[in-house]
$ cat final_27.cif   # mmCIF, C-alpha atoms
data_run
#
loop_
_atom_site.label_atom_id
_atom_site.label_comp_id
_atom_site.auth_asym_id
_atom_site.auth_seq_id
_atom_site.Cartn_x
_atom_site.Cartn_y
_atom_site.Cartn_z
CA MET Q 545 -10.77 -1.29 -15.80
CA SER Q 546 -9.72 -0.80 -19.38
CA ALA Q 547 -7.61 2.10 -20.48
CA ALA Q 548 -9.38 5.34 -21.28
CA ARG Q 549 -9.90 6.24 -24.90
CA GLY Q 550 -8.17 9.57 -24.33
CA VAL Q 551 -4.89 8.24 -22.93
CA PRO Q 552 -2.32 9.22 -25.59
CA VAL Q 553 -0.28 6.04 -25.98
CA THR Q 554 0.46 5.02 -29.57
CA SER Q 555 2.64 2.52 -31.39
CA ALA Q 556 4.88 5.42 -32.38
CA SER Q 557 5.44 6.14 -28.67
CA PRO Q 558 5.95 2.77 -26.93
CA SER Q 559 7.13 4.21 -23.62
CA VAL Q 560 4.45 5.40 -21.23
CA ARG Q 561 5.25 8.76 -19.67
CA LEU Q 562 4.42 8.83 -15.96
CA GLY Q 563 4.35 11.73 -13.51
CA LEU Q 564 4.89 11.24 -9.78
CA ILE Q 565 3.11 13.00 -6.90
CA GLY Q 566 5.00 12.74 -3.62
CA PHE Q 567 8.77 12.28 -3.45
CA GLY Q 568 9.21 10.85 0.06
CA LYS Q 569 10.64 7.43 0.90
CA LEU Q 570 8.17 5.43 -1.16
CA GLY Q 571 7.88 8.08 -3.87
CA ALA Q 572 11.63 7.96 -4.39
CA VAL Q 573 11.43 4.17 -4.77
CA HIS Q 574 8.64 4.49 -7.33
CA ALA Q 575 10.62 7.14 -9.21
CA ARG Q 576 13.60 4.79 -9.57
CA HIS Q 577 11.38 1.98 -10.75
CA ILE Q 578 9.66 4.21 -13.32
CA ALA Q 579 13.04 5.43 -14.56
CA ASP Q 580 14.35 1.86 -14.80
CA CYS Q 581 11.21 0.43 -16.41
CA PRO Q 582 11.84 -0.39 -20.10
CA GLY Q 583 8.25 0.58 -20.93
CA ALA Q 584 8.05 3.87 -19.03
CA ASP Q 585 9.70 7.25 -18.62
CA LEU Q 586 9.57 9.50 -15.57
CA ALA Q 587 8.16 12.75 -16.93
CA ALA Q 588 7.81 15.06 -13.91
CA VAL Q 589 7.55 15.20 -10.12
CA CYS Q 590 5.15 17.18 -7.95
CA ASP Q 591 5.61 17.71 -4.21
CA THR Q 592 4.77 20.42 -1.68
CA GLU Q 593 8.30 20.38 -0.20
CA SER Q 594 11.07 22.25 -2.01
CA ALA Q 595 13.75 19.97 -0.54
CA ALA Q 596 12.00 16.92 -2.00
CA LEU Q 597 11.84 18.60 -5.41
CA GLU Q 598 15.52 19.50 -5.30
CA TRP Q 599 16.27 15.85 -4.52
CA ALA Q 600 14.06 14.65 -7.38
CA ALA Q 601 15.57 17.06 -9.87
CA ALA Q 602 19.10 16.07 -8.88
CA GLU Q 603 18.31 12.35 -9.06
CA HIS Q 604 16.32 12.27 -12.28
CA GLY Q 605 16.76 15.56 -14.17
CA VAL Q 606 13.02 15.96 -14.79
CA PRO Q 607 10.71 18.97 -14.41
CA VAL Q 608 9.56 19.50 -10.81
CA THR Q 609 6.85 21.71 -9.38
CA THR Q 610 4.74 22.39 -6.31
CA ASP Q 611 1.80 23.41 -8.51
CA LEU Q 612 -0.57 20.48 -9.09
CA ASP Q 613 -2.39 22.16 -11.99
CA GLU Q 614 0.88 22.94 -13.74
CA PHE Q 615 2.00 19.35 -13.15
CA LEU Q 616 -1.17 17.78 -14.56
CA ALA Q 617 -1.04 20.06 -17.62
CA MET Q 618 2.27 18.46 -18.63
CA PRO Q 619 2.18 15.92 -21.49
CA PHE Q 620 2.30 12.57 -19.75
CA ASP Q 621 -0.01 9.54 -19.74
CA GLY Q 622 -0.43 8.54 -16.12
CA VAL Q 623 0.34 9.54 -12.57
CA VAL Q 624 1.77 7.56 -9.66
CA ILE Q 625 0.44 8.96 -6.38
CA ALA Q 626 2.69 8.43 -3.35
CA SER Q 627 1.56 11.42 -1.30
CA SER Q 628 0.28 11.24 2.29
CA THR Q 629 -3.01 9.40 2.84
CA PRO Q 630 -5.09 12.55 3.57
CA ALA Q 631 -3.97 13.99 0.21
CA HIS Q 632 -4.97 10.95 -1.88
CA ALA Q 633 -8.55 12.05 -2.54
CA GLY Q 634 -7.65 15.42 -4.00
CA HIS Q 635 -4.83 14.01 -6.08
CA ILE Q 636 -6.94 11.18 -7.50
CA LEU Q 637 -9.81 13.52 -8.38
CA ALA Q 638 -7.46 16.00 -10.06
CA ALA Q 639 -5.75 13.26 -12.06
CA ALA Q 640 -9.05 11.75 -13.19
CA ARG Q 641 -10.32 15.15 -14.32
CA ALA Q 642 -7.07 15.64 -16.24
CA ASN Q 643 -7.64 12.28 -17.99
CA LYS Q 644 -4.54 10.67 -16.53
CA ALA Q 645 -4.20 6.98 -15.74
CA ILE Q 646 -3.87 6.55 -11.96
CA PHE Q 647 -1.69 4.39 -9.71
CA VAL Q 648 -2.17 5.19 -6.02
CA GLU Q 649 -0.91 3.78 -2.76
CA LYS Q 650 -3.49 2.44 -0.34
CA PRO Q 651 -5.87 3.43 1.07
CA VAL Q 652 -7.76 5.72 -1.30
CA CYS Q 653 -9.52 7.38 1.64
CA LEU Q 654 -10.23 6.51 5.26
CA THR Q 655 -13.98 5.92 4.91
CA LEU Q 656 -15.92 3.86 2.41
CA ARG Q 657 -18.20 6.83 1.65
CA ASP Q 658 -15.29 9.08 0.67
CA THR Q 659 -13.61 6.25 -1.21
CA ASP Q 660 -16.72 5.63 -3.28
CA LEU Q 661 -17.16 9.34 -4.04
CA VAL Q 662 -13.60 9.52 -5.36
CA LEU Q 663 -13.61 6.24 -7.25
CA GLN Q 664 -16.97 7.00 -8.85
CA GLU Q 665 -15.28 9.93 -10.57
CA VAL Q 666 -12.48 7.61 -11.69
CA VAL Q 667 -15.04 5.19 -13.13
CA ASP Q 668 -16.95 8.00 -14.83
CA ALA Q 669 -13.73 9.42 -16.30
CA ASP Q 670 -12.94 5.94 -17.72
CA VAL Q 671 -9.26 6.17 -16.85
CA PRO Q 672 -7.12 3.18 -15.81
CA PHE Q 673 -6.80 2.80 -12.03
CA GLN Q 674 -4.48 0.57 -9.99
CA ILE Q 675 -4.22 0.38 -6.20
CA GLY Q 676 -0.83 -0.34 -4.62
CA PHE Q 677 -1.34 -3.81 -3.14
CA GLN Q 678 2.16 -4.92 -4.09
CA ARG Q 679 1.76 -8.47 -2.78
CA ARG Q 680 -0.25 -9.27 -5.90
CA TRP Q 681 2.89 -8.58 -7.95
CA ASP Q 682 5.38 -10.29 -5.62
CA SER Q 683 6.96 -13.40 -7.18
CA ARG Q 684 6.43 -15.49 -4.04
CA TYR Q 685 2.71 -14.72 -3.81
CA LEU Q 686 2.30 -15.22 -7.55
CA ARG Q 687 3.98 -18.63 -7.41
CA ALA Q 688 1.79 -19.62 -4.45
CA LYS Q 689 -1.27 -18.45 -6.39
CA ARG Q 690 -0.32 -20.61 -9.38
CA ILE Q 691 0.14 -23.65 -7.13
CA ILE Q 692 -3.22 -23.07 -5.43
CA ASP Q 693 -5.03 -22.55 -8.73
CA SER Q 694 -3.42 -25.69 -10.22
CA GLY Q 695 -5.16 -27.84 -7.63
CA ASP Q 696 -1.87 -29.34 -6.40
CA ILE Q 697 -2.84 -28.77 -2.75
CA GLY Q 698 -6.50 -29.60 -3.23
CA GLU Q 699 -9.13 -27.12 -2.06
CA PRO Q 700 -7.51 -24.20 -0.19
CA VAL Q 701 -9.19 -23.93 3.21
CA LEU Q 702 -6.85 -21.99 5.52
CA PHE Q 703 -4.65 -18.95 4.86
CA LYS Q 704 -2.26 -17.92 7.65
CA THR Q 705 0.05 -14.93 7.48
CA HIS Q 706 1.93 -12.40 9.51
CA GLY Q 707 3.41 -8.98 8.80
CA ARG Q 708 5.80 -7.36 11.24
CA ASP Q 709 7.08 -3.83 10.77
CA PRO Q 710 10.19 -2.56 12.57
CA ASN Q 711 8.51 0.63 13.79
CA ALA Q 712 5.23 2.47 14.23
CA SER Q 713 6.27 5.48 12.09
CA ASP Q 714 6.79 9.05 13.24
CA PRO Q 715 4.47 9.83 16.19
CA ALA Q 716 3.58 13.04 14.35
CA ASN Q 717 1.76 10.83 11.83
CA TRP Q 718 -0.15 8.79 14.42
CA GLY Q 719 -3.92 9.01 14.42
CA LEU Q 720 -6.82 7.28 12.71
CA ASP Q 721 -7.45 10.52 10.82
CA ARG Q 722 -3.87 10.55 9.52
CA ASN Q 723 -3.21 7.04 8.16
CA GLY Q 724 -6.18 4.94 9.25
CA GLY Q 725 -4.30 3.05 11.92
CA LEU Q 726 -2.98 -0.49 11.94
CA PHE Q 727 -6.00 -2.08 10.26
CA LEU Q 728 -6.20 0.35 7.31
CA ASN Q 729 -2.51 1.15 6.97
CA CYS Q 730 -0.90 -2.28 7.39
CA ALA Q 731 -3.25 -5.25 7.86
CA ILE Q 732 -5.22 -4.22 4.76
CA HIS Q 733 -2.48 -5.80 2.62
CA ASP Q 734 -3.15 -9.27 3.99
CA LEU Q 735 -6.91 -8.78 3.84
CA ASP Q 736 -6.51 -8.27 0.11
CA ALA Q 737 -4.04 -11.17 -0.12
CA ALA Q 738 -6.63 -13.52 1.43
CA ARG Q 739 -9.11 -12.69 -1.35
CA PHE Q 740 -6.41 -12.93 -4.00
CA LEU Q 741 -4.95 -16.28 -2.95
CA LEU Q 742 -8.13 -18.10 -1.93
CA GLY Q 743 -10.32 -16.70 -4.70
CA ARG Q 744 -13.17 -16.14 -2.26
CA GLU Q 745 -14.92 -13.19 -0.66
CA VAL Q 746 -14.80 -12.38 3.06
CA ARG Q 747 -18.17 -12.79 4.79
CA SER Q 748 -17.31 -11.90 8.40
CA VAL Q 749 -14.43 -10.58 10.48
CA THR Q 750 -13.35 -11.00 14.11
CA ALA Q 751 -10.42 -8.89 15.30
CA THR Q 752 -8.54 -8.15 18.47
CA GLY Q 753 -5.49 -6.07 19.29
CA ALA Q 754 -3.61 -3.82 21.69
CA ALA Q 755 -0.86 -1.22 21.98
CA LEU Q 756 1.76 -3.41 23.61
CA VAL Q 757 4.96 -1.51 22.91
CA HIS Q 758 4.11 1.92 21.49
CA LYS Q 759 1.70 2.80 24.27
CA GLY Q 760 1.22 6.36 23.05
CA LEU Q 761 -0.94 4.91 20.27
CA ARG Q 762 -3.65 4.27 22.86
CA ASP Q 763 -4.34 8.00 23.10
CA LYS Q 764 -4.87 8.04 19.33
CA GLY Q 765 -7.31 5.12 19.34
CA ASP Q 766 -4.73 2.98 17.58
CA ILE Q 767 -2.73 -0.18 18.31
CA ASP Q 768 0.59 -1.79 17.39
CA THR Q 769 -0.59 -5.42 17.39
CA CYS Q 770 -3.63 -7.06 15.85
CA SER Q 771 -4.98 -10.49 15.03
CA ILE Q 772 -7.80 -10.94 12.51
CA ALA Q 773 -9.89 -14.01 11.72
CA LEU Q 774 -11.65 -13.92 8.35
CA HIS Q 775 -14.45 -16.26 7.35
CA LEU Q 776 -14.65 -16.68 3.58
CA GLY Q 777 -17.95 -18.51 3.39
CA GLU Q 778 -18.36 -21.86 5.13
CA ASP Q 779 -15.37 -23.56 3.51
CA ALA Q 780 -12.36 -21.29 4.08
CA MET Q 781 -10.74 -19.15 6.78
CA ALA Q 782 -7.83 -16.77 7.07
CA LEU Q 783 -5.84 -15.83 10.15
CA THR Q 784 -3.65 -12.73 9.97
CA GLU Q 785 -1.32 -11.08 12.46
CA TRP Q 786 0.29 -7.64 12.28
CA SER Q 787 2.65 -5.78 14.59
CA ARG Q 788 4.87 -2.71 14.48
CA TYR Q 789 7.88 -3.39 16.71
CA ALA Q 790 9.94 -6.03 14.87
CA SER Q 791 13.35 -4.83 16.05
CA TYR Q 792 14.99 -7.62 14.05
CA GLY Q 793 13.71 -6.21 10.73
CA TYR Q 794 10.66 -6.26 8.47
CA ASP Q 795 9.26 -9.76 8.39
CA ILE Q 796 6.53 -11.60 6.48
CA ALA Q 797 5.47 -15.20 6.14
CA MET Q 798 2.42 -16.96 4.77
CA GLU Q 799 0.98 -20.39 4.21
CA VAL Q 800 -2.11 -21.79 2.56
CA VAL Q 801 -3.30 -25.19 3.76
CA GLY Q 802 -5.36 -27.24 1.33
CA THR Q 803 -7.19 -30.53 1.55
CA GLU Q 804 -4.26 -32.27 -0.18
CA GLY Q 805 -1.20 -30.29 0.87
CA MET Q 806 0.23 -26.90 1.77
CA VAL Q 807 2.22 -24.08 0.20
CA GLN Q 808 4.22 -21.65 2.33
CA PHE Q 809 7.08 -19.20 2.34
CA GLY Q 810 8.94 -17.25 4.99
CA ARG Q 811 11.74 -18.15 7.34
CA GLU Q 812 12.70 -21.83 7.49
CA ARG Q 813 10.76 -23.39 10.35
CA ASP Q 814 10.77 -27.18 9.97
CA TRP Q 815 12.53 -28.73 12.99
CA ALA Q 816 14.40 -25.48 13.63
CA VAL Q 817 14.49 -23.20 16.66
CA LEU Q 818 15.33 -19.71 15.45
CA VAL Q 819 16.42 -16.67 17.42
CA ARG Q 820 16.42 -13.36 15.60
CA PRO Q 821 17.96 -10.69 17.85
CA SER Q 822 17.42 -6.97 17.57
CA VAL Q 823 19.63 -5.32 14.95
CA ARG Q 824 20.32 -1.71 14.13
CA ASP Q 825 19.84 -2.00 10.36
CA GLY Q 826 17.38 -4.83 9.83
CA ALA Q 827 15.47 -5.44 6.63
CA SER Q 828 12.98 -2.78 5.55
CA VAL Q 829 9.76 -3.14 3.61
CA PHE Q 830 11.70 -2.02 0.53
CA ASP Q 831 14.19 -4.87 1.00
CA VAL Q 832 11.43 -7.46 1.35
CA PHE Q 833 9.15 -6.13 -1.39
CA GLY Q 834 11.57 -4.30 -3.69
CA ASP Q 835 10.84 -6.52 -6.68
CA ALA Q 836 7.10 -6.38 -6.02
CA TYR Q 837 7.10 -2.58 -6.04
CA ARG Q 838 8.98 -2.61 -9.36
CA ASN Q 839 6.70 -5.28 -10.85
CA SER Q 840 3.56 -3.35 -9.90
CA ILE Q 841 4.81 -0.20 -11.63
CA GLU Q 842 5.84 -2.17 -14.72
CA ALA Q 843 2.42 -3.85 -14.81
CA PHE Q 844 0.69 -0.47 -14.54
CA ALA Q 845 2.78 0.99 -17.36
CA ALA Q 846 2.11 -2.05 -19.56
CA SER Q 847 -1.65 -1.84 -18.95
CA VAL Q 848 -1.72 1.83 -19.87
CA ALA Q 849 0.34 1.24 -23.01
CA LYS Q 850 -1.69 -1.75 -24.20
CA GLY Q 851 -5.13 -0.65 -23.01
CA THR Q 852 -5.53 -3.82 -20.93
CA PRO Q 853 -7.22 -4.00 -17.50
CA THR Q 854 -5.22 -2.89 -14.49
CA SER Q 855 -5.00 -5.06 -11.38
CA PRO Q 856 -5.72 -4.70 -8.52
CA GLY Q 857 -8.33 -2.13 -9.47
CA VAL Q 858 -11.25 -0.06 -8.22
CA GLU Q 859 -13.29 -2.89 -6.71
CA ASP Q 860 -10.24 -4.39 -5.00
CA ALA Q 861 -9.47 -1.03 -3.39
CA ARG Q 862 -13.06 -0.69 -2.16
CA THR Q 863 -13.39 -4.25 -0.88
CA ALA Q 864 -10.11 -4.32 1.05
CA LEU Q 865 -11.01 -1.05 2.78
CA HIS Q 866 -14.49 -2.40 3.54
CA ILE Q 867 -12.97 -5.45 5.25
CA ALA Q 868 -10.37 -3.36 7.13
CA LEU Q 869 -13.07 -1.06 8.47
CA ALA Q 870 -15.08 -4.10 9.57
CA ALA Q 871 -11.98 -5.43 11.36
CA ARG Q 872 -11.58 -2.14 13.22
CA ARG Q 873 -15.25 -2.21 14.23
CA SER Q 874 -14.79 -5.76 15.50
CA PHE Q 875 -11.78 -4.69 17.57
CA GLU Q 876 -13.68 -1.71 18.98
CA THR Q 877 -16.86 -3.63 19.82
CA GLY Q 878 -15.51 -7.08 20.63
CA GLN Q 879 -18.03 -8.57 18.21
CA THR Q 880 -17.80 -10.50 14.96
CA VAL Q 881 -18.76 -8.11 12.15
CA PRO Q 882 -20.47 -9.31 8.95
CA VAL Q 883 -19.01 -8.11 5.65
CA GLU Q 884 -21.73 -7.48 3.11
CA ALA Q 885 -20.88 -7.58 -0.60
CA LEU Q 886 -20.53 -4.13 -2.14
CA PRO Q 887 -22.46 -3.30 -5.31
CA PRO Q 888 -19.88 -2.42 -7.99
CA LEU Q 889 -19.43 1.16 -9.11
CA THR Q 890 -20.74 1.78 -12.62
CA ARG Q 891 -20.45 4.78 -14.90
CA GLY Q 892 -22.94 7.57 -14.23
CA ARG Q 893 -24.20 6.12 -10.94
CA ALA Q 894 -25.91 8.77 -8.73
CA ALA Q 895 -23.94 11.55 -10.41
CA GLY Q 896 -26.21 14.37 -9.26
CA SER Q 897 -26.04 13.51 -5.56
CA ARG Q 898 -22.24 13.23 -5.65
CA ALA Q 899 -21.34 16.71 -6.84
CA GLY Q 900 -21.63 18.59 -3.56
CA ALA Q 901 -20.12 15.78 -1.52
CA VAL Q 902 -17.05 15.54 -3.74
CA ARG Q 903 -16.39 19.24 -3.34
CA GLU Q 904 -16.18 18.69 0.43
CA LEU Q 905 -13.33 16.16 0.16
CA PRO Q 906 -9.82 17.37 1.02
CA ALA Q 907 -7.82 18.73 -1.89
#
$ encode --input "final_27.cif" --output "C-alpha cells"
Amino acid sequence: MSAARGVPVTSASPSVRLGLIGFGKLGAVHARHIADCPGADLAAVCDTESAALEWAAAEHGVPVTTDLDEFLAMPFDGVVIASSTPAHAGHILAAARANKAIFVEKPVCLTLRDTDLVLQEVVDADVPFQIGFQRRWDSRYLRAKRIIDSGDIGEPVLFKTHGRDPNASDPANWGLDRNGGLFLNCAIHDLDAARFLLGREVRSVTATGAALVHKGLRDKGDIDTCSIALHLGEDAMALTEWSRYASYGYDIAMEVVGTEGMVQFGRERDWAVLVRPSVRDGASVFDVFGDAYRNSIEAFAASVAKGTPTSPGVEDARTALHIALAARRSFETGQTVPVEALPPLTRGRAAGSRAGAVRELPA
C-alpha cells in the first residue's frame, strides 16, 4: 500500500519520526532499532505499565505516556505496535484514525472477521501498513528467494522448514483467546514464508499436533508441537514443523527443493551426526533474527519516507491468518481444509455495515 497523502515526510525532514506502543521484550528491541536506524528517530513511547515507561525514558530520553490519545497527538509520522495481541485491534484503529503509518506485530486479530474490520479502516484511511513477518527481511531468506527466482534450482516444488522455540511463554498468557495458540502465534511465520519463497498461493492445509511437553496447554485447547502440510496448487508443497521446548536454544532451518537443485540453510547436516544438549542460555529469537527485525524497521521507515509500498502488507497479513486458521481447523477436525482465495480489501468497501462491528472490537 502506498504512503498516505497526509503523512508529513518532506525532503527538508529526511528522518521519519516513529512512535512505539508497547515497551516489553520485543518493543525494547524495536526501540533500539528505530533509534539506530539512519532514516528514523524514536519520537515517543506509549505503554500501560509505569515501569516500562521508566525503562524507556531512561534508555532513550523520549516522551513517554500511558495515554494513547496524548501519544497519537504527538508530531510523528508512524507507529510501531508491539503491544499484546488482544490490544492490536484498538491500537491499529486509533493509529489509522490519527493518520499514522502503521507497523504491527502479527497477528492483527485472532479471527479473520475482526482482522478484516480493522484492516478495512486502514485501507480506507490510506495509511502505510506493514505486518511483522520478519523472515521476509532476513538476509538468508532473501538470498534463498533470489536463488529461487533466478531459476538456478529449476521449478521450486517442495519447501521444508522447522521452527523450534525454547519455551511456551508464561502460562498466564496461554489460551487461544490470548495469543491464538501455536498455529497463529508461531507457525504463521512459515505459512507466510511458503507463499513468499514459492511465489504461489496455498490451496489446502492438513495439520496435526499435540501437547507433548507443556501438558497444561491441553486445558487451553492449545499444543506445543505441530506439523503442517500445505498444497500450493498441483505443482508445489510445503511441510512445516513447529515446537516450543527447544532446550538447546531457538532453532530454524529451511530448504527449497527444485527440479534442478536445492537451496537450504540451517545447521550443517551433510554426513554429520549432531547432538545439541540442553543449555541454560541458548539462542533466543532475537539472536537468530536480530538483523531481520532491524531490516524490517528500516524498510518500514524507508517506505514511509519515500511513499513507496510497504511489504508485507494488508493482504499478506490477512492471507497468513486465513491459512493459520485453516491449519487449526484441520488439527481440530482431523480433515484436510481447503483454503479459498480472499477477495482483496478495497477503499470504501461495505463501510456502512462495518461501523457498529468496529465499535465492538477491543480497545
$ residues_around --input "final_27.cif" --residues "Phe620 (chain Q)" --least-positions-apart "4" --cutoff "8 Å" --atoms "all atoms listed in the file" --output "list in words"
Val560, Arg561, Leu562, Gly563, Ala587 and Lys644 of chain Q
$ closest_residue --input "final_27.cif" --among "Q:Ala588, Q:Thr803, Q:Gln678, Q:Val666" --to "Tyr837 (chain Q)" --atoms "all atoms listed in the file"
Q:Gln678
$ resolve_selection --input "final_27.cif" --expression "the PyMOL selection byres ((chain Q and resi 774) around 7)" --output "compact mmCIF listing (two decimals) with C-alpha atoms, keeping the file's coordinate frame"
# COMPACT_ATOMS: atom_id res chain seq x y z
CA VAL Q 746 -14.80 -12.38 3.06
CA SER Q 748 -17.31 -11.90 8.40
CA VAL Q 749 -14.43 -10.58 10.48
CA THR Q 750 -13.35 -11.00 14.11
CA ILE Q 772 -7.80 -10.94 12.51
CA ALA Q 773 -9.89 -14.01 11.72
CA HIS Q 775 -14.45 -16.26 7.35
CA LEU Q 776 -14.65 -16.68 3.58
CA MET Q 781 -10.74 -19.15 6.78
CA ALA Q 782 -7.83 -16.77 7.07
CA LEU Q 783 -5.84 -15.83 10.15
$ atom_distance --input "final_27.cif" --atom1 "CA of Ala669 (chain Q)" --atom2 "CA of Arg641 (chain Q)"
7.0 Å
$ resolve_selection --input "final_27.cif" --expression "the PyMOL selection byres ((chain Q and resi 741) around 10)" --output "number ranges by chain"
Q: 680, 685-686, 688-693, 700, 703, 736-740, 742-744, 800
$ resolve_selection --input "final_27.cif" --expression "the PyMOL selection byres ((chain Q and resi 853) around 12)" --output "short mmCIF file (atom, residue, chain, number, x, y, z; two decimals) with C-alpha atoms, in the coordinates of the input"
data_model
loop_
_atom_site.label_atom_id
_atom_site.label_comp_id
_atom_site.auth_asym_id
_atom_site.auth_seq_id
_atom_site.Cartn_x
_atom_site.Cartn_y
_atom_site.Cartn_z
CA MET Q 545 -10.77 -1.29 -15.80
CA SER Q 546 -9.72 -0.80 -19.38
CA ALA Q 547 -7.61 2.10 -20.48
CA ALA Q 548 -9.38 5.34 -21.28
CA ALA Q 645 -4.20 6.98 -15.74
CA ASP Q 670 -12.94 5.94 -17.72
CA VAL Q 671 -9.26 6.17 -16.85
CA PRO Q 672 -7.12 3.18 -15.81
CA PHE Q 673 -6.80 2.80 -12.03
CA GLN Q 674 -4.48 0.57 -9.99
CA ALA Q 843 2.42 -3.85 -14.81
CA PHE Q 844 0.69 -0.47 -14.54
CA ALA Q 845 2.78 0.99 -17.36
CA ALA Q 846 2.11 -2.05 -19.56
CA SER Q 847 -1.65 -1.84 -18.95
CA VAL Q 848 -1.72 1.83 -19.87
CA ALA Q 849 0.34 1.24 -23.01
CA LYS Q 850 -1.69 -1.75 -24.20
CA GLY Q 851 -5.13 -0.65 -23.01
CA THR Q 852 -5.53 -3.82 -20.93
CA THR Q 854 -5.22 -2.89 -14.49
CA SER Q 855 -5.00 -5.06 -11.38
CA PRO Q 856 -5.72 -4.70 -8.52
CA GLY Q 857 -8.33 -2.13 -9.47
CA VAL Q 858 -11.25 -0.06 -8.22
#
$ atom_distance --input "final_27.cif" --atom1 "CA of Phe875 (chain Q)" --atom2 "CA of Gly753 (chain Q)"
6.7 Å
$ closest_residue --input "final_27.cif" --among "Q:Gln664, Q:Ser828, Q:Asn729, Q:Thr863" --to "Ala885 (chain Q)" --atoms "only C-alpha atoms"
Q:Thr863
$ atom_distance --input "final_27.cif" --atom1 "CA of Cys653 (chain Q)" --atom2 "CA of Arg684 (chain Q)"
28.5 Å
$ residues_around --input "final_27.cif" --residues "Ala868 (chain Q)" --least-positions-apart "5" --cutoff "7 Å" --atoms "only C-alpha atoms" --output "list in words"
Phe727, Leu728 and Ile732 of chain Q
$ decode --input "final_27.cif" --residues "region 817-835 of chain Q" --atoms "N, CA and C atoms" --output "short mmCIF file (atom, residue, chain, number, x, y, z; two decimals), in the first residue's frame"
data_model
loop_
_atom_site.label_atom_id
_atom_site.label_comp_id
_atom_site.auth_asym_id
_atom_site.auth_seq_id
_atom_site.Cartn_x
_atom_site.Cartn_y
_atom_site.Cartn_z
N VAL Q 817 26.54 -36.24 12.28
CA VAL Q 817 25.61 -36.58 13.36
C VAL Q 817 25.81 -35.55 14.45
N LEU Q 818 24.78 -34.76 14.71
CA LEU Q 818 24.90 -33.65 15.65
C LEU Q 818 24.12 -33.94 16.93
N VAL Q 819 24.70 -33.58 18.04
CA VAL Q 819 23.99 -33.62 19.33
C VAL Q 819 24.03 -32.21 19.89
N ARG Q 820 22.86 -31.67 20.19
CA ARG Q 820 22.78 -30.34 20.76
C ARG Q 820 22.14 -30.45 22.14
N PRO Q 821 22.94 -30.50 23.20
CA PRO Q 821 22.39 -30.70 24.55
C PRO Q 821 21.68 -29.47 25.06
N SER Q 822 20.89 -29.67 26.09
CA SER Q 822 20.21 -28.56 26.75
C SER Q 822 21.23 -27.59 27.34
N VAL Q 823 20.95 -26.30 27.19
CA VAL Q 823 21.84 -25.28 27.75
C VAL Q 823 20.99 -24.24 28.49
N ARG Q 824 21.61 -23.59 29.44
CA ARG Q 824 20.88 -22.62 30.25
C ARG Q 824 20.58 -21.35 29.45
N ASP Q 825 21.52 -20.88 28.67
CA ASP Q 825 21.35 -19.63 27.93
C ASP Q 825 21.54 -19.87 26.44
N GLY Q 826 20.65 -20.64 25.86
CA GLY Q 826 20.70 -20.89 24.43
C GLY Q 826 20.26 -19.69 23.63
N ALA Q 827 20.37 -19.79 22.33
CA ALA Q 827 20.00 -18.69 21.45
C ALA Q 827 18.52 -18.36 21.61
N SER Q 828 18.19 -17.08 21.50
CA SER Q 828 16.81 -16.61 21.54
C SER Q 828 16.38 -16.21 20.13
N VAL Q 829 15.10 -15.93 19.98
CA VAL Q 829 14.61 -15.46 18.69
C VAL Q 829 15.30 -14.17 18.27
N PHE Q 830 15.69 -13.36 19.26
CA PHE Q 830 16.35 -12.09 18.94
C PHE Q 830 17.78 -12.31 18.47
N ASP Q 831 18.41 -13.40 18.93
CA ASP Q 831 19.74 -13.74 18.42
C ASP Q 831 19.66 -14.22 16.98
N VAL Q 832 18.67 -15.06 16.69
CA VAL Q 832 18.54 -15.66 15.37
C VAL Q 832 18.04 -14.66 14.33
N PHE Q 833 17.12 -13.77 14.75
CA PHE Q 833 16.50 -12.86 13.80
C PHE Q 833 16.78 -11.39 14.10
N GLY Q 834 17.86 -11.10 14.84
CA GLY Q 834 18.16 -9.72 15.18
C GLY Q 834 18.27 -8.81 13.99
N ASP Q 835 19.02 -9.24 12.97
CA ASP Q 835 19.19 -8.42 11.77
C ASP Q 835 17.87 -8.27 11.01
#
